[in-house]
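**Student:** Sending over a structure as structure tokens; questions will come in a sec.
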Number of protein chains: 2
Amino acid sequence: MGEQAKTTRQQQREATRARILEAAVRAFTDKGFHGASTRDIARLAGTNQGLITYHFSSKEALWRAAADALFADLELRLREKLENVSTRDPREYAREIIREYVRFSAARPELFRLMVDEGKVADERLNWLVDKHIKSRFDALAPELSKIAGLDGELLPHAFYALAGAASLIFAVAPECRRLTGLDPARAAAVEAHADFVANLMLPSR
Amino acid sequence: MGEQAKTTRQQQREATRARILEAAVRAFTDKGFHGASTRDIARLAGTNQGLITYHFSSKEALWRAAADALFADLELRLREKLENVSTRDPREYAREIIREYVRFSAARPELFRLMVDEGKVADERLNWLVDKHIKSRFDALAPELSKIAGLDGELLPHAFYALAGAASLIFAVAPECRRLTGLDPARAAAVEAHADFVANLMLPSR
DNA sequence: TTTTTCGCTTGTCAATCGAATAATTAAATG
DNA sequence: CATTTAATTATTCGATTGACAAGCGAAAAA
């Protein structure tokens, strides 16, 4: 039977750590850093507040771990797609990247919520986010996409934020969308419709 | 001399009320409803916390007053523009409305911040926002614009949120944009560039 | 089995929260 | 001037915040 029931101790540790982390992602992106209490997070994770200090030492550190997890999800998703694109045409290639980013925003609206929350005020958390996670991805991805779209360099920031906003907002405010329009943007058909809409917006076919 | 120096009493009352209200708009849209404390707001307004209870009776009521003020700003801005459009061509007319909405988002990024903050969780504040402020504007404006753009009715929510996100995000996260790209989106030239970019995105000329 | 380790629970701390009340001060009124 | 009114300030309340310390109890090691 080899290694059937592994280290029950370390397994349990990792499981609770993961539960706290996912609860933190939810709470931070729902109520913002100040609005989410460590006791809320603990209750969401089914444990107590002391465990948060034990596993993550501070609320700030827990927030950084939550942000790391969200960007890791994005990285995984895009890397996987970048390797398995069906087309070779650069324009259709870029359109598929955009579509996949829309699908990610639907599956993990928390990342966009976090970026809007923290992008509003110039503090240490924003500096950490930009320097550790955003800057490198922007520098790597944006020039390539702008070349495909035939963009003037000065318009690059405008295209970047227009794309991010157009792709993600509807999923970030899904409860509002449901109440306002009756459409549930999380449904698979709606996700694909939005992916096509945004791809056509940014890179119209021919 | 008639009513030269009016009621100094009521004038002072209105002035402090306005100062508290503007501080509330700033604080609520910076840190979210839970993250902004009434003491923060009072200090921002140059007064003490007791005055908030006196003028607005509760934090909830103050938040609603702040939201009312933001939507009043939007209403004023768009109404003024709707009456003074230079063109009669429906497409160019719609493009100019979009441009003006972008300019408003640059001048008052707080409205978009509030809508993202509150659109994330289905609670009473969201219901109040949608029912009192958003629903009527959406129903009045969206069908007209979608007719001009030649949109399928099913795509209306997608176009609505894509437009809102593309138009407003860059200004809502201006501090992030500055650190990431070096561009200050609040500068007049950048505002006009973004207005043109979004107008061309949603309604390409010819 | 005995001992050690460590994931976890509980309780406590000063600080801060929203709200209410009492006290103060200056303008409006007679 | 004296009196009333009301805008503002100061104080206080119970509840909640993040962080920390002490101890528990079962798994791991001896």
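Convention: chains lettered A, B, ... in structure tokens order; per-chain residue numbering from 1; ligands numbered from 1 as shown.
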Tell me as a PyMOL selection string which residues belonging to chain A come within 8 Å of chain B, counting only C-alpha atoms.
**Tutor:** chain A and resi 30-35+113+116-122+126-127+130+134-135+155+157-159+161-170+172-177+179-181+183+193-194+197-198+201-202
**Student:** Using 12 Å as the limit and counting only C-alpha atoms (C1' of nucleotides), can you tabulate each residue of chain D that touches chain A, with its shortest atom-to-atom distance in Å and the two atoms involved, as a tab-separated table?
**Tutor:**
residue	atom	partner	partner_atom	distance
D:DT16	C1'	A:Ser37	CA	9.4
D:DT17	C1'	A:Ser37	CA	7.4
D:DG18	C1'	A:Lys59	CA	7.6
D:DA19	C1'	A:Thr53	CA	7.8
D:DC20	C1'	A:Thr53	CA	9.0
D:DA21	C1'	A:Gly50	CA	10.8
D:DA26	C1'	A:Arg9	CA	9.9
D:DA27	C1'	A:Arg9	CA	6.7
D:DA28	C1'	A:Arg9	CA	8.6
**Student:** Excluding DT11 in chain D and any residue of its chain fewer than 3 positions from it, enumerate the residues within 12 Å of it, using only C-alpha atoms (C1' of nucleotides), and give them as a ChimeraX atom specification.
**Tutor:** /B:50 /C:20-23
**Student:** Select, as a PyMOL selection string, those residues of chain C with any atom no more than 8 Å from chain A (distances computed using only C-alpha atoms (C1' of nucleotides)).
**Tutor:** chain C and resi 7-9
**Student:** What does the file look like for those residues with N, CA and C atoms (P, O5', C5', C4', C3', O3' and C1' of nucleotides), as a short mmCIF file (atom, residue, chain, number, x, y, z; two decimals), in the first residue's frame?
**Tutor:**
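Written out: again15.cif:
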data_model
loop_
_atom_site.label_atom_id
_atom_site.label_comp_id
_atom_site.auth_asym_id
_atom_site.auth_seq_id
_atom_site.Cartn_x
_atom_site.Cartn_y
_atom_site.Cartn_z
P DG C 7 2.75 22.44 13.48
"O5'" DG C 7 1.20 22.36 13.11
"C5'" DG C 7 0.55 21.11 13.03
"C4'" DG C 7 -0.77 21.15 13.78
"C3'" DG C 7 -1.70 22.31 13.42
"O3'" DG C 7 -3.02 21.81 13.25
"C1'" DG C 7 -1.32 22.28 15.76
P DC C 8 -4.21 22.82 12.73
"O5'" DC C 8 -4.83 23.34 14.09
"C5'" DC C 8 -5.35 22.39 15.03
"C4'" DC C 8 -5.66 23.04 16.36
"C3'" DC C 8 -6.56 24.28 16.30
"O3'" DC C 8 -7.89 23.88 16.62
"C1'" DC C 8 -4.86 24.39 18.00
P DT C 9 -9.06 25.01 16.68
"O5'" DT C 9 -9.10 25.36 18.23
"C5'" DT C 9 -9.24 24.31 19.20
"C4'" DT C 9 -9.28 24.90 20.61
"C3'" DT C 9 -10.26 26.07 20.78
"O3'" DT C 9 -11.12 25.78 21.87
"C1'" DT C 9 -8.10 26.67 21.59
#
**Student:** From chain A, collect each residue whose DSSP state is alpha helix (DSSP H) and return the set as a count of residues only.
**Tutor:** 158
**Student:** Residues near DT3 in chain D, anyone? I mean within 12 Å using only C-alpha atoms (C1' of nucleotides), not counting same-chain ones fewer than 5 positions away, as an MDAnalysis selection string.
**Tutor:** chainID C and resid 28:30
**Student:** With N, CA and C atoms (P, O5', C5', C4', C3', O3' and C1' of nucleotides) retained, could you export that selection as a PDB file, in the first residue's frame?
**Tutor:**
ATOM      1  P    DA C  28     -27.254  84.589  13.388  1.00  0.00           P
ATOM      2  O5'  DA C  28     -28.683  84.572  14.079  1.00  0.00           O
ATOM      3  C5'  DA C  28     -29.425  83.362  14.036  1.00  0.00           C
ATOM      4  C4'  DA C  28     -30.620  83.449  14.973  1.00  0.00           C
ATOM      5  C3'  DA C  28     -31.589  84.616  14.680  1.00  0.00           C
ATOM      6  O3'  DA C  28     -32.904  84.096  14.625  1.00  0.00           O
ATOM      7  C1'  DA C  28     -30.958  84.621  16.976  1.00  0.00           C
ATOM      8  P    DT C  29     -34.116  85.085  14.205  1.00  0.00           P
ATOM      9  O5'  DT C  29     -34.739  85.439  15.624  1.00  0.00           O
ATOM     10  C5'  DT C  29     -35.046  84.376  16.537  1.00  0.00           C
ATOM     11  C4'  DT C  29     -35.568  84.937  17.845  1.00  0.00           C
ATOM     12  C3'  DT C  29     -36.530  86.134  17.698  1.00  0.00           C
ATOM     13  O3'  DT C  29     -37.699  85.865  18.455  1.00  0.00           O
ATOM     14  C1'  DT C  29     -34.848  86.622  19.297  1.00  0.00           C
ATOM     15  P    DG C  30     -39.040  86.736  18.098  1.00  0.00           P
ATOM     16  O5'  DG C  30     -39.352  87.445  19.483  1.00  0.00           O
ATOM     17  C5'  DG C  30     -39.221  86.689  20.685  1.00  0.00           C
ATOM     18  C4'  DG C  30     -39.062  87.656  21.852  1.00  0.00           C
ATOM     19  C3'  DG C  30     -39.909  88.913  21.713  1.00  0.00           C
ATOM     20  O3'  DG C  30     -40.783  89.036  22.821  1.00  0.00           O
ATOM     21  C1'  DG C  30     -37.643  89.441  22.279  1.00  0.00           C
TER      22       DG C  30
END
**Student:** Which residue out of D:DT4, D:DA22, D:DG14, D:DT9 has the minimum interatomic distance to DT10 in chain C when only C-alpha atoms (C1' of nucleotides) are used?
**Tutor:**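 Looking at the shortest contact to DT10 in chain C, the residue is D:DA22.
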**Student:** Enter the distance from CA of Ala188 in chain B to CA of Leu111 in chain A, in Å, rounded to one decimal.
**Tutor:**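 Interatomic distance, CA of Ala188 in chain B to CA of Leu111 in chain A: 29.5 Å.
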**Student:** Quick one, how far is CA of Asp68 in chain B from CA of Ala24 in chain B?
**Tutor:** 11.7 Å
**Student:** Rounded to one decimal, what separation in Å do you get between CA of Tyr101 in chain B and CA of Lys147 in chain B?
**Tutor:**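 That distance, rounded to one decimal, is 18.4 Å.
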